[in-house]
Amino acid sequence: MAHIDIKCPLGIKEDVKYLCADEIANVVSRLFECKKSDISVVIKEVPKYEWKNEVYEKQIYPNSKFLYKQPGYNYTIEFEYYNPSNYRNNYVPRALSKILDKTYDEIEEELSALTDELNMDSYCNPVVFEAYMEKHGIYKFAELTNTLVRELSLNHGTYCLYCYNSIGEFFLIPVINNVMYERNSNCMELNVITIYQLENLK
């Protein structure tokens, strides 16, 4: 007998899951020399932002001595200094300039125009920068509580984290393939409110 428990990212089609379960059952049946009918396969989807806490820390790491195939991904968000405009320090255009590969000035000009259009006081208002991001293919991915930046794993893709610190200051942090681009590595200790993801347009 054998039981296989598979965790996978969101979005795997049902027919692919059935095919995967059948193929795995065939291989296990042959290698373990047991009946295919004695094999069960569970396939459960887990959001990427929960993978570290729900899969790696609860299932992979505690069972490391039984792990016959090690994961190749990195769970420590890396830091790289990024400050496209030394004489300005607003977190919104700074983050979006990295994600959209535009200059700070371009982003600020577009945000200012949208702020006026929406009759708002500042582009630091989430109403403004969320509207701007949606126009550029960046959409809300997840809303979190009690989660620090350093606890996330965002290995594949381009993300923007809306965060706050212990004194109530807010930040927008770009993370690309698990690398955080910011001026200050202390941003690892920020509390994450919302994760936004740049849509893959391929």
# chains A, B, ... in the order shown; residues from 1 in each chain; ligands from 1
>>> closest_atom_pairs(of="range 162-196 of chain A", to="range 97-121 of chain A", cutoff="9 Å", atoms="only C-alpha atoms", output="CSV")
residue,atom,partner,partner_atom,distance
A:Pro174,CA,A:Ile99,CA,6.4
A:Val175,CA,A:Ile99,CA,8.3
A:Ile176,CA,A:Ile99,CA,7.9
A:Tyr181,CA,A:Lys98,CA,7.8
>>> write_last_selection(atoms="all heavy atoms", output="PDB file, in the first residue's frame")
ATOM      1  N   PRO A 174       8.632  46.882  -3.735  1.00  0.00           N
ATOM      2  CA  PRO A 174       8.672  45.957  -4.866  1.00  0.00           C
ATOM      3  C   PRO A 174       9.484  44.702  -4.530  1.00  0.00           C
ATOM      4  O   PRO A 174      10.551  44.789  -3.920  1.00  0.00           O
ATOM      5  CB  PRO A 174       9.365  46.769  -5.967  1.00  0.00           C
ATOM      6  CG  PRO A 174      10.233  47.744  -5.238  1.00  0.00           C
ATOM      7  CD  PRO A 174       9.560  48.018  -3.915  1.00  0.00           C
ATOM      8  N   VAL A 175       8.943  43.538  -4.899  1.00  0.00           N
ATOM      9  CA  VAL A 175       9.656  42.269  -4.743  1.00  0.00           C
ATOM     10  C   VAL A 175       9.590  41.538  -6.078  1.00  0.00           C
ATOM     11  O   VAL A 175       8.508  41.253  -6.586  1.00  0.00           O
ATOM     12  CB  VAL A 175       9.032  41.390  -3.627  1.00  0.00           C
ATOM     13  CG1 VAL A 175       9.749  40.035  -3.556  1.00  0.00           C
ATOM     14  CG2 VAL A 175       9.100  42.089  -2.288  1.00  0.00           C
ATOM     15  N   ILE A 176      10.757  41.241  -6.629  1.00  0.00           N
ATOM     16  CA  ILE A 176      10.833  40.552  -7.926  1.00  0.00           C
ATOM     17  C   ILE A 176      11.634  39.274  -7.749  1.00  0.00           C
ATOM     18  O   ILE A 176      12.811  39.321  -7.370  1.00  0.00           O
ATOM     19  CB  ILE A 176      11.473  41.459  -8.995  1.00  0.00           C
ATOM     20  CG1 ILE A 176      10.673  42.766  -9.128  1.00  0.00           C
ATOM     21  CG2 ILE A 176      11.548  40.734 -10.341  1.00  0.00           C
ATOM     22  CD1 ILE A 176      11.313  43.797 -10.032  1.00  0.00           C
ATOM     23  N   TYR A 181      13.525  45.239  -3.397  1.00  0.00           N
ATOM     24  CA  TYR A 181      14.297  46.396  -3.850  1.00  0.00           C
ATOM     25  C   TYR A 181      13.871  47.618  -3.043  1.00  0.00           C
ATOM     26  O   TYR A 181      12.768  48.132  -3.222  1.00  0.00           O
ATOM     27  CB  TYR A 181      14.069  46.626  -5.342  1.00  0.00           C
ATOM     28  CG  TYR A 181      14.618  45.507  -6.189  1.00  0.00           C
ATOM     29  CD1 TYR A 181      13.833  44.391  -6.491  1.00  0.00           C
ATOM     30  CD2 TYR A 181      15.922  45.545  -6.677  1.00  0.00           C
ATOM     31  CE1 TYR A 181      14.338  43.341  -7.251  1.00  0.00           C
ATOM     32  CE2 TYR A 181      16.429  44.509  -7.445  1.00  0.00           C
ATOM     33  CZ  TYR A 181      15.633  43.410  -7.726  1.00  0.00           C
ATOM     34  OH  TYR A 181      16.143  42.380  -8.476  1.00  0.00           O
TER      35      TYR A 181
END
>>> select_by_dssp(residues="range 5-138 of chain A", states="strand (DSSP E or B)", output="list in words")
Asp5, Ile6, Lys7, Cys8, Ile39, Ser40, Val41, Val42, Ile43, Lys44, Glu45, Glu78, Phe79, Glu80, Tyr81 and Ile138 of chain A
>>> write_last_selection(atoms="C-alpha atoms", output="mmCIF file, in the first residue's frame")
data_model
loop_
_atom_site.group_PDB
_atom_site.id
_atom_site.type_symbol
_atom_site.label_atom_id
_atom_site.label_comp_id
_atom_site.auth_asym_id
_atom_site.auth_seq_id
_atom_site.Cartn_x
_atom_site.Cartn_y
_atom_site.Cartn_z
ATOM 1 C CA ASP A 5 0.120 13.646 -0.601
ATOM 2 C CA ILE A 6 0.881 16.385 -3.147
ATOM 3 C CA LYS A 7 0.727 20.144 -2.578
ATOM 4 C CA CYS A 8 0.731 22.404 -5.625
ATOM 5 C CA ILE A 39 -2.473 3.408 -3.915
ATOM 6 C CA SER A 40 -4.169 6.692 -3.021
ATOM 7 C CA VAL A 41 -3.169 10.182 -4.144
ATOM 8 C CA VAL A 42 -4.210 13.516 -2.635
ATOM 9 C CA ILE A 43 -3.557 16.748 -4.548
ATOM 10 C CA LYS A 44 -4.245 19.978 -2.696
ATOM 11 C CA GLU A 45 -3.728 23.527 -3.957
ATOM 12 C CA GLU A 78 16.910 38.879 -0.353
ATOM 13 C CA PHE A 79 17.580 42.602 -0.170
ATOM 14 C CA GLU A 80 19.009 44.797 -2.899
ATOM 15 C CA TYR A 81 19.510 48.529 -2.469
ATOM 16 C CA ILE A 138 -0.917 45.084 -11.245
#
>>> residues_around(residues="Asn177 in chain A", least_positions_apart="3", cutoff="7 Å", atoms="only C-alpha atoms", output="count of residues only")
5
>>> atom_distance(atom1="CA of Val92 in chain A", atom2="CA of Asn191 in chain A")
16.7 Å
>>> select_by_dssp(residues="range 7-165 of chain A", states="helix (DSSP H, G or I)", output="number ranges by chain")
A: 14-32, 36-38, 48-66, 91-100, 104-117, 126-135, 149-151
>>> atom_distance(atom1="CA of Ala95 in chain A", atom2="CA of Val46 in chain A")
27.5 Å
